[in-house]
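See below for input_16.txt, which holds compact mmCIF, C-alpha atoms and all ligand atoms.
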```txt
# COMPACT_ATOMS: atom_id res chain seq x y z
CA MET A 1 29.91 19.01 -4.20
CA GLN A 2 26.42 17.97 -5.31
CA ARG A 3 23.99 20.85 -5.95
CA ILE A 4 21.99 21.61 -2.77
CA ILE A 5 18.35 21.41 -3.81
CA THR A 6 15.29 21.09 -1.59
CA ILE A 7 12.44 18.73 -2.44
CA GLU A 8 10.14 21.71 -2.97
CA ARG A 9 12.49 23.28 -5.54
CA PHE A 10 13.01 19.89 -7.24
CA ILE A 11 9.25 19.26 -7.53
CA ILE A 12 8.62 22.69 -9.06
CA GLU A 13 11.53 22.28 -11.54
CA ARG A 14 10.15 18.86 -12.65
CA GLU A 15 6.49 19.87 -12.74
CA HIS A 16 6.52 20.36 -16.51
CA GLU A 17 7.33 16.63 -16.96
CA ILE A 18 3.93 15.53 -15.68
CA PRO A 19 1.28 15.56 -18.42
CA GLY A 20 -1.48 17.99 -17.55
CA ALA A 21 0.04 18.69 -14.15
CA THR A 22 -0.78 22.02 -12.66
CA GLY A 23 0.75 23.65 -9.59
CA GLU A 24 -1.89 21.67 -7.68
CA PHE A 25 0.07 18.43 -8.11
CA SER A 26 3.31 20.03 -6.92
CA LYS A 27 1.58 21.47 -3.86
CA LEU A 28 0.15 18.01 -3.10
CA LEU A 29 3.65 16.49 -3.07
CA THR A 30 4.98 19.41 -1.02
CA ASP A 31 2.20 18.92 1.53
CA LEU A 32 3.20 15.25 1.82
CA ALA A 33 6.77 16.32 2.61
CA LEU A 34 5.41 18.65 5.32
CA ALA A 35 3.24 15.91 6.85
CA SER A 36 6.19 13.51 6.93
CA LYS A 37 8.37 16.11 8.71
CA ILE A 38 5.73 16.44 11.44
CA VAL A 39 5.53 12.65 11.79
CA TRP A 40 9.35 12.54 11.89
CA ARG A 41 9.37 15.08 14.73
CA GLU A 42 7.12 12.81 16.83
CA VAL A 43 8.94 9.62 15.80
CA SER A 44 12.29 11.14 16.73
CA LYS A 45 11.11 11.87 20.25
CA ALA A 46 8.90 8.76 20.52
CA GLY A 47 10.96 7.44 23.39
CA LEU A 48 10.48 10.64 25.36
CA VAL A 49 6.80 11.40 25.28
CA ASP A 50 3.78 9.32 25.90
CA ILE A 51 3.12 8.15 22.37
CA ILE A 52 4.83 4.85 22.83
CA GLY A 53 2.70 1.82 23.25
CA SER A 54 -0.67 0.83 21.97
CA THR A 55 -4.00 2.55 22.06
CA GLY A 56 -5.60 -0.71 23.12
CA LYS A 57 -7.58 -0.61 19.86
CA VAL A 58 -7.39 -3.00 16.88
CA ASN A 59 -7.66 -1.70 13.28
CA ILE A 60 -9.64 -3.15 10.37
CA SER A 61 -6.71 -5.41 9.51
CA GLY A 62 -6.65 -6.82 13.01
CA ASP A 63 -3.40 -5.06 13.92
CA VAL A 64 -3.03 -3.54 17.39
CA VAL A 65 -3.07 0.24 16.82
CA GLN A 66 -0.02 1.99 18.25
CA LYS A 67 -0.38 5.56 19.47
CA LEU A 68 2.09 6.65 16.81
CA ASP A 69 -0.05 4.93 14.13
CA GLU A 70 -3.01 7.02 15.17
CA PHE A 71 -0.97 10.19 15.52
CA ALA A 72 0.58 9.76 12.07
CA ASN A 73 -2.83 9.04 10.58
CA GLU A 74 -4.28 12.25 12.03
CA ILE A 75 -1.31 14.29 10.81
CA PHE A 76 -1.57 13.04 7.23
CA ILE A 77 -5.34 13.57 7.20
CA ASN A 78 -5.20 17.08 8.70
CA VAL A 79 -2.34 18.31 6.52
CA MET A 80 -3.54 16.71 3.29
CA GLN A 81 -7.25 17.57 3.47
CA LYS A 82 -6.62 21.30 3.77
CA GLY A 83 -4.61 21.61 0.57
CA GLY A 84 -7.70 21.55 -1.65
CA HIS A 85 -6.09 19.05 -4.03
CA LEU A 86 -7.94 15.88 -2.98
CA CYS A 87 -11.47 14.60 -3.43
CA VAL A 88 -11.07 11.58 -1.11
CA MET A 89 -8.43 9.60 0.84
CA ALA A 90 -7.97 6.06 2.18
CA SER A 91 -5.65 4.93 4.95
CA GLU A 92 -4.66 1.67 6.59
CA GLU A 93 -5.72 3.24 9.89
CA SER A 94 -9.18 4.35 8.74
CA LYS A 95 -11.90 1.74 8.27
CA GLY A 96 -13.72 3.45 5.38
CA LEU A 97 -13.14 6.31 2.93
CA ILE A 98 -11.77 9.55 4.41
CA GLU A 99 -14.01 12.28 3.03
CA ILE A 100 -12.92 15.89 2.55
CA PRO A 101 -15.10 18.01 4.89
CA ASP A 102 -17.87 19.97 3.12
CA GLU A 103 -16.36 23.33 3.98
CA LEU A 104 -13.00 22.46 2.37
CA ALA A 105 -12.22 22.73 -1.37
CA LYS A 106 -12.01 19.48 -3.35
CA GLY A 107 -9.40 18.69 -5.99
CA LYS A 108 -8.80 16.19 -8.74
CA TYR A 109 -6.48 13.83 -6.88
CA VAL A 110 -6.89 10.82 -4.58
CA LEU A 111 -4.47 9.84 -1.81
CA VAL A 112 -3.99 6.31 -0.41
CA PHE A 113 -1.51 5.83 2.43
CA ASP A 114 -0.07 3.75 5.23
CA PRO A 115 0.71 6.46 7.79
CA LEU A 116 3.01 4.37 9.93
CA ASP A 117 4.53 1.18 8.51
CA GLY A 118 6.38 -1.22 10.80
CA SER A 119 4.43 -0.38 13.94
CA SER A 120 5.80 -3.40 15.79
CA ASN A 121 9.23 -1.79 15.58
CA ILE A 122 8.30 1.60 17.09
CA ASP A 123 9.13 0.63 20.68
CA VAL A 124 12.51 -0.90 19.88
CA ASN A 125 14.08 1.91 17.87
CA VAL A 126 14.07 0.05 14.56
CA SER A 127 13.33 1.99 11.35
CA ILE A 128 9.66 2.63 10.54
CA GLY A 129 8.07 4.47 7.64
CA SER A 130 5.09 5.86 5.72
CA ILE A 131 3.87 4.88 2.25
CA PHE A 132 1.68 6.86 -0.19
CA GLY A 133 0.14 6.66 -3.64
CA ILE A 134 -1.64 9.35 -5.68
CA PHE A 135 -4.32 8.75 -8.34
CA ARG A 136 -6.30 11.15 -10.49
CA ARG A 137 -10.00 10.97 -9.61
CA VAL A 138 -12.25 8.86 -11.85
CA THR A 139 -15.57 10.54 -10.93
CA THR A 140 -16.04 14.02 -12.33
CA SER A 141 -17.13 16.17 -9.40
CA GLY A 142 -18.17 16.39 -5.76
CA LYS A 143 -16.98 14.08 -3.05
CA GLY A 144 -14.78 11.21 -4.15
CA THR A 145 -16.16 7.68 -3.97
CA GLU A 146 -14.81 4.12 -3.72
CA ARG A 147 -14.52 4.17 -7.53
CA ASP A 148 -11.88 6.86 -7.15
CA ILE A 149 -9.99 4.79 -4.59
CA LEU A 150 -10.24 1.24 -5.99
CA GLN A 151 -7.90 1.81 -8.94
CA PRO A 152 -5.12 -0.54 -10.11
CA GLY A 153 -1.54 0.56 -9.41
CA ARG A 154 -1.13 1.07 -13.16
CA ASN A 155 -3.23 4.25 -12.74
CA LEU A 156 -0.97 5.83 -10.13
CA VAL A 157 0.42 9.28 -11.07
CA ALA A 158 2.84 9.36 -8.14
CA ALA A 159 3.97 7.13 -5.28
CA GLY A 160 6.63 7.06 -2.63
CA TYR A 161 7.62 6.40 0.93
CA ILE A 162 9.49 7.85 3.89
CA VAL A 163 11.90 5.87 6.08
CA TYR A 164 12.30 7.30 9.60
CA GLY A 165 15.63 5.67 10.45
CA SER A 166 19.27 6.50 11.16
CA SER A 167 18.46 9.34 8.79
CA THR A 168 15.06 10.19 7.37
CA ILE A 169 14.65 9.87 3.62
CA PHE A 170 11.71 10.78 1.37
CA VAL A 171 11.64 8.77 -1.88
CA TYR A 172 9.10 9.40 -4.64
CA THR A 173 8.43 9.12 -8.34
CA THR A 174 5.95 10.81 -10.68
CA GLY A 175 6.90 8.39 -13.41
CA ASN A 176 10.10 10.15 -14.47
CA GLY A 177 12.75 8.49 -12.36
CA VAL A 178 12.83 7.72 -8.63
CA HIS A 179 14.42 10.37 -6.42
CA GLY A 180 15.48 10.39 -2.76
CA PHE A 181 15.71 13.36 -0.39
CA THR A 182 17.42 13.15 2.99
CA LEU A 183 16.15 15.31 5.85
CA ASP A 184 18.66 17.82 7.23
CA PRO A 185 17.17 18.32 10.71
CA SER A 186 19.30 21.41 11.31
CA ILE A 187 17.37 23.29 8.62
CA GLY A 188 14.23 21.13 8.49
CA GLU A 189 14.59 20.57 4.75
CA PHE A 190 14.58 17.42 2.62
CA LEU A 191 17.66 17.79 0.36
CA LEU A 192 18.22 15.81 -2.86
CA SER A 193 20.56 12.94 -2.00
CA HIS A 194 19.65 10.14 -4.44
CA GLU A 195 18.78 11.38 -7.95
CA ASN A 196 17.34 8.83 -10.40
CA ILE A 197 17.67 5.66 -8.30
CA ARG A 198 17.99 2.49 -10.43
CA ILE A 199 17.61 -0.95 -8.85
CA PRO A 200 20.22 -3.57 -9.92
CA LYS A 201 18.80 -6.10 -12.39
CA LYS A 202 19.87 -8.92 -10.04
CA GLY A 203 20.88 -8.87 -6.37
CA ASP A 204 22.26 -11.25 -3.75
CA ILE A 205 20.00 -10.53 -0.80
CA TYR A 206 16.64 -12.13 -0.03
CA SER A 207 14.25 -10.76 2.57
CA VAL A 208 11.44 -12.89 4.03
CA ASN A 209 10.18 -13.94 7.46
CA GLU A 210 11.50 -17.52 7.52
CA GLY A 211 9.65 -18.07 10.78
CA TYR A 212 6.66 -19.02 8.65
CA TYR A 213 8.59 -21.60 6.58
CA GLU A 214 6.40 -24.52 7.64
CA ARG A 215 3.25 -22.67 6.47
CA TRP A 216 4.57 -22.14 2.92
CA ASP A 217 3.64 -24.35 -0.03
CA GLU A 218 6.26 -26.63 -1.60
CA ASN A 219 7.10 -24.19 -4.43
CA MET A 220 7.88 -21.38 -2.00
CA LYS A 221 10.02 -23.72 0.14
CA ARG A 222 11.90 -24.85 -2.99
CA PHE A 223 12.64 -21.25 -3.97
CA ILE A 224 14.08 -20.34 -0.56
CA ASN A 225 16.13 -23.56 -0.46
CA TYR A 226 17.41 -22.71 -3.96
CA LEU A 227 18.57 -19.25 -2.78
CA LYS A 228 20.40 -20.80 0.19
CA ALA A 229 22.25 -23.46 -1.85
CA GLU A 230 26.00 -23.09 -2.58
CA ASP A 231 26.51 -22.19 -6.25
CA LYS A 232 29.18 -19.60 -7.06
CA ALA A 233 28.14 -19.29 -10.70
CA THR A 234 24.71 -17.93 -9.78
CA GLY A 235 25.90 -15.89 -6.78
CA ARG A 236 24.35 -18.24 -4.22
CA PRO A 237 23.85 -18.50 -1.28
CA TYR A 238 22.06 -15.15 -1.06
CA LYS A 239 22.36 -13.15 2.17
CA LEU A 240 19.25 -12.89 4.38
CA ARG A 241 18.18 -9.49 5.66
CA TYR A 242 14.79 -8.96 7.36
CA VAL A 243 13.98 -5.80 9.37
CA GLY A 244 10.27 -6.47 9.76
CA THR A 245 9.40 -2.97 8.47
CA LEU A 246 8.31 -3.23 4.83
CA VAL A 247 9.56 0.26 3.95
CA ALA A 248 13.02 -0.39 5.42
CA ASP A 249 13.34 -3.80 3.74
CA PHE A 250 12.10 -2.29 0.47
CA HIS A 251 14.47 0.73 0.61
CA ARG A 252 17.48 -1.59 1.09
CA THR A 253 16.23 -3.77 -1.79
CA LEU A 254 15.80 -0.70 -4.04
CA LEU A 255 19.37 0.49 -3.41
CA TYR A 256 21.23 -2.85 -3.14
CA GLY A 257 19.02 -5.11 -5.28
CA GLY A 258 17.64 -8.56 -4.43
CA ILE A 259 14.12 -9.53 -3.46
CA PHE A 260 11.65 -8.85 -0.64
CA MET A 261 8.88 -11.40 -0.19
CA TYR A 262 5.74 -11.63 1.86
CA PRO A 263 4.07 -14.74 0.38
CA GLY A 264 0.68 -16.21 1.08
CA ASP A 265 0.70 -19.28 3.29
CA LYS A 266 -1.63 -21.94 4.70
CA LYS A 267 -2.83 -19.57 7.46
CA ASN A 268 -3.03 -16.38 5.35
CA PRO A 269 -3.40 -17.35 1.67
CA GLU A 270 -3.30 -13.65 0.62
CA GLY A 271 -0.32 -12.88 2.88
CA LYS A 272 -0.31 -9.91 5.28
CA LEU A 273 0.48 -6.81 3.20
CA ARG A 274 -2.26 -4.62 1.77
CA LEU A 275 -2.56 -4.04 -1.96
CA LEU A 276 -3.83 -0.46 -2.10
CA TYR A 277 -1.46 1.44 0.20
CA GLU A 278 1.52 -0.89 0.64
CA ALA A 279 2.12 -3.17 -2.37
CA ALA A 280 0.84 -1.02 -5.25
CA PRO A 281 2.68 2.23 -4.39
CA LEU A 282 5.96 0.34 -3.86
CA ALA A 283 5.35 -1.64 -7.07
CA TYR A 284 5.00 1.68 -8.93
CA VAL A 285 8.27 2.94 -7.39
CA VAL A 286 10.22 -0.25 -8.12
CA GLU A 287 8.99 -0.42 -11.74
CA LYS A 288 10.05 3.22 -12.35
CA ALA A 289 13.48 2.25 -10.95
CA GLY A 290 13.75 -0.72 -13.36
CA GLY A 291 12.54 -3.48 -11.03
CA ARG A 292 9.42 -5.64 -10.79
CA ALA A 293 6.64 -6.51 -8.33
CA SER A 294 4.34 -9.54 -8.50
CA ASP A 295 1.90 -11.56 -6.42
CA GLY A 296 3.67 -14.64 -7.82
CA PHE A 297 1.42 -14.78 -10.88
CA ARG A 298 0.52 -11.20 -11.91
CA ASN A 299 2.23 -7.82 -11.91
CA ILE A 300 1.00 -6.05 -8.77
CA LEU A 301 0.18 -2.96 -10.83
CA ASP A 302 -2.36 -4.91 -12.90
CA ILE A 303 -4.44 -6.10 -9.93
CA GLU A 304 -7.85 -4.40 -9.80
CA PRO A 305 -8.65 -3.78 -6.12
CA THR A 306 -12.13 -4.83 -4.96
CA SER A 307 -11.88 -3.66 -1.34
CA LEU A 308 -9.94 -0.99 0.54
CA HIS A 309 -7.94 -3.26 2.83
CA GLN A 310 -7.51 -6.33 0.67
CA ARG A 311 -4.23 -8.18 1.06
CA THR A 312 -1.88 -9.57 -1.58
CA PRO A 313 1.17 -11.81 -1.60
CA LEU A 314 4.17 -9.65 -2.58
CA PHE A 315 7.43 -10.44 -4.39
CA ILE A 316 9.25 -7.17 -5.13
CA GLY A 317 12.77 -6.10 -6.14
CA SER A 318 15.30 -6.82 -8.88
CA GLU A 319 13.65 -7.86 -12.13
CA GLU A 320 15.63 -11.10 -12.56
CA ASP A 321 15.09 -12.16 -8.94
CA VAL A 322 11.34 -11.50 -9.05
CA LYS A 323 10.97 -13.32 -12.37
CA LEU A 324 12.84 -16.31 -10.93
CA ALA A 325 10.54 -16.26 -7.88
CA GLU A 326 7.51 -16.31 -10.20
CA LYS A 327 8.89 -19.35 -12.04
CA PHE A 328 9.30 -21.22 -8.74
CA ILE A 329 5.91 -20.10 -7.37
CA GLN A 330 4.26 -21.26 -10.61
CA GLY A 331 6.06 -24.60 -10.40
CA LYS A 332 7.96 -23.93 -13.64
CA ALA A 333 11.54 -23.77 -12.31
CA GLU A 334 14.14 -26.51 -12.26
CA ASP A 335 16.32 -26.29 -9.15
P1 LIG B 401 2.09 -1.98 9.49
O1 LIG B 401 2.88 -1.61 10.70
O2 LIG B 401 1.76 -0.81 8.62
O3 LIG B 401 0.88 -2.82 9.84
O4 LIG B 401 3.02 -2.91 8.57
C1 LIG B 401 3.67 -3.97 9.15
C2 LIG B 401 4.04 -4.94 8.09
C3 LIG B 401 5.26 -4.53 7.27
O5 LIG B 401 5.82 -3.32 7.68
C4 LIG B 401 6.25 -5.65 7.52
O6 LIG B 401 6.88 -6.03 6.33
C5 LIG B 401 5.38 -6.77 8.04
O7 LIG B 401 4.33 -6.15 8.73
C6 LIG B 401 6.14 -7.67 8.97
O8 LIG B 401 5.25 -8.73 9.26
P2 LIG B 401 5.78 -10.01 10.08
O9 LIG B 401 6.04 -9.53 11.47
O10 LIG B 401 4.66 -11.01 9.98
O11 LIG B 401 7.03 -10.49 9.39
MN MN B 402 2.44 -1.17 6.67
MN MN B 403 0.71 0.91 9.12
```
Before anything else, please render the file you have as C-alpha cells.
Amino acid sequence: MQRIITIERFIIEREHEIPGATGEFSKLLTDLALASKIVWREVSKAGLVDIIGSTGKVNISGDVVQKLDEFANEIFINVMQKGGHLCVMASEESKGLIEIPDELAKGKYVLVFDPLDGSSNIDVNVSIGSIFGIFRRVTTSGKGTERDILQPGRNLVAAGYIVYGSSTIFVYTTGNGVHGFTLDPSIGEFLLSHENIRIPKKGDIYSVNEGYYERWDENMKRFINYLKAEDKATGRPYKLRYVGTLVADFHRTLLYGGIFMYPGDKKNPEGKLRLLYEAAPLAYVVEKAGGRASDGFRNILDIEPTSLHQRTPLFIGSEEDVKLAEKFIQGKAED
C-alpha cells in the first residue's frame, strides 16, 4: 500500500529542494490547498444552493461571470492575502492588480490565478478547475506592481491546478517533478496519489474545439486533417476528446499524452486562453513533466507578457505532438 502522505507533509519534506525557499513558500502552497478545499466545498454543493447561474456581469475578458467564478475569486483572495507571503496578486476575475491591504504583511511572492476555469460547465456537472502560478517579486519592497506580475513563465517558481471532478485532485510543481494529490473528503485532506507525473513523449489523443474549423488558417486545418487520416505506422487517426474545461482537458493530456490546442483563428487571432494565469502556469507544469507548450512559434514560457489579460494561442502536451503541430502551423510539414 502506498505511503499515506498529506500535501502539507509532502510540501514540508520537499522544502529543502527549492533554492532559497523558506517556510514562507511552503505556507503559501499550503494556503492554496486550503483555498481549493473551500472552493471544492461550494462546487460540490453547487446544484443545491443559489450559486448556480450568472451574476449578470461580464468580466474584463468579456466572459459572463458565474456566481461560482466570483465566489472562488473571493475565496482565493481572502485566504491568500492573509498569509503574509504575497506582495500582489492578479486574477482572471479581477480587472486590475489585487493589492495586499495596508494593514496586512507583505511577502516576497506573487500569485496569478484563474479561480474557476470552465465556467460554462458549472451548471451541467462537468469538471471545472482552478489554475495558479507563483513568481518571486521583482521590485524590492512595498506593494507589488505590474512589473512583479508581468513576468514570463520561465520565471515561475511554482505552478499547478485543481480539477473539481469525479474526484478532486491538486497537481503542482516547484520545479522538481509534478505531483498529484487526491482529496479524501472523509478526512478533508489531499493525499499523495500521483508522485512524479511524466507525460508520454507522444500520445494518440487530440483535443480542440472543431466547431471553429472554418475559422482556422490552412496550416491548422492541414494539421487536424493529418491527425484524422488513417495511418497505422504513425498511430493515426488520433482520438478526439474535448471537455471544454481547459484544466480537465489538460489533466487528461498530462496523464495520457497527446495534445490540447486552442489556436488563434480569423475571429480571434490570439485565441481565447489567457497567457498569465492559464497558458503559462500549465506550460510550466507540462515542461516539468517532460512535455512542451507553444503558441505555434515560441515556447509559451518565453513570452514576455505586456498586459494582465492578454491572450495567446496554445498548443500543449506531449513533446513530439507539440513539435509536429509547430511544424504544421509554421508551414514546414509535409503531410
Ligand atoms: P474560464 O471559464 O476560466 O473563462 O475558461 C474557459 C476556457 C477553458 O476552460 C476552455 O478550454 C475554453 O474556455 C473552452 O472554450 P470554447 O467553449 O470556445 O471551446
Ligand atoms: Mn479559464
Ligand atoms: Mn475562469
Which residue is closest to ligand MN 403 (chain B)? Choose from A:Tyr226, A:Phe170, A:Phe71, A:Tyr238 and count all atoms listed in the file. A:Phe71
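Note that the spacing between CA of Phe135 (chain A) and CA of Ala35 (chain A) amounts to 18.4 Å.
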Using only C-alpha atoms, find each residue of region 208-322 of chain A with at least one atom at most 12 Å away from an atom of region 100-119 of chain A; report its shortest atom-to-atom pair and that distance in Å (one decimal), sort the rows by chain and rising residue number, and return the result as CSV.
```
residue,atom,partner,partner_atom,distance
A:Tyr242,CA,A:Gly118,CA,11.9
A:Val243,CA,A:Gly118,CA,9.0
A:Gly244,CA,A:Gly118,CA,6.6
A:Thr245,CA,A:Gly118,CA,4.2
A:Leu246,CA,A:Gly118,CA,6.6
A:Val247,CA,A:Asp117,CA,6.9
A:Ala248,CA,A:Gly118,CA,8.6
A:Asp249,CA,A:Gly118,CA,10.2
A:Phe250,CA,A:Asp117,CA,11.6
A:Leu273,CA,A:Asp117,CA,10.4
A:Arg274,CA,A:Asp114,CA,9.3
A:Leu275,CA,A:Val112,CA,10.6
A:Leu276,CA,A:Val112,CA,7.0
A:Tyr277,CA,A:Phe113,CA,4.9
A:Glu278,CA,A:Asp114,CA,6.7
A:Ala279,CA,A:Asp114,CA,10.5
A:Ala280,CA,A:Val112,CA,10.0
A:Pro281,CA,A:Val112,CA,8.8
A:Leu282,CA,A:Phe113,CA,11.2
A:Leu308,CA,A:Val112,CA,9.5
A:His309,CA,A:Asp114,CA,10.8
```
One number please: CA of Arg236 (chain A) to CA of Leu324 (chain A), in Å, one decimal. 13.5 Å
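Comparing A:Thr139, A:Thr173, A:Ser167, A:Ser307 by their smallest distance to Val126 (chain A), the closest is A:Ser167 (using all atoms listed in the file).
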Nearby residues, (-3.6, -11.0, 4.5) file frame, 9 Å, only C-alpha atoms, as a PyMOL selection string: chain A and resi 61+264+268-274+310-313
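Here the question is which of A:Pro19, A:Gly180, A:Gly235, A:Pro263 gets nearest to ligand LIG 401 (chain B) using only C-alpha atoms and all ligand atoms, and that residue is A:Pro263.
Minimum distance to ligand MN 403 (chain B) across A:Ser44, A:Asn59, A:Ser166, A:Thr174 (counting only C-alpha atoms and all ligand atoms) occurs at A:Asn59.
Note that CA of Arg154 (chain A) and CA of Tyr206 (chain A) are 25.7 Å apart.
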Around (11.5, -8.8, -9.6) in the file's own coordinates, what residues are found within 10 Å if you use all atoms listed in the file, given back as number ranges by chain? A: 199, 201-203, 257-260, 283, 286-287, 290-294, 296, 299, 315-326
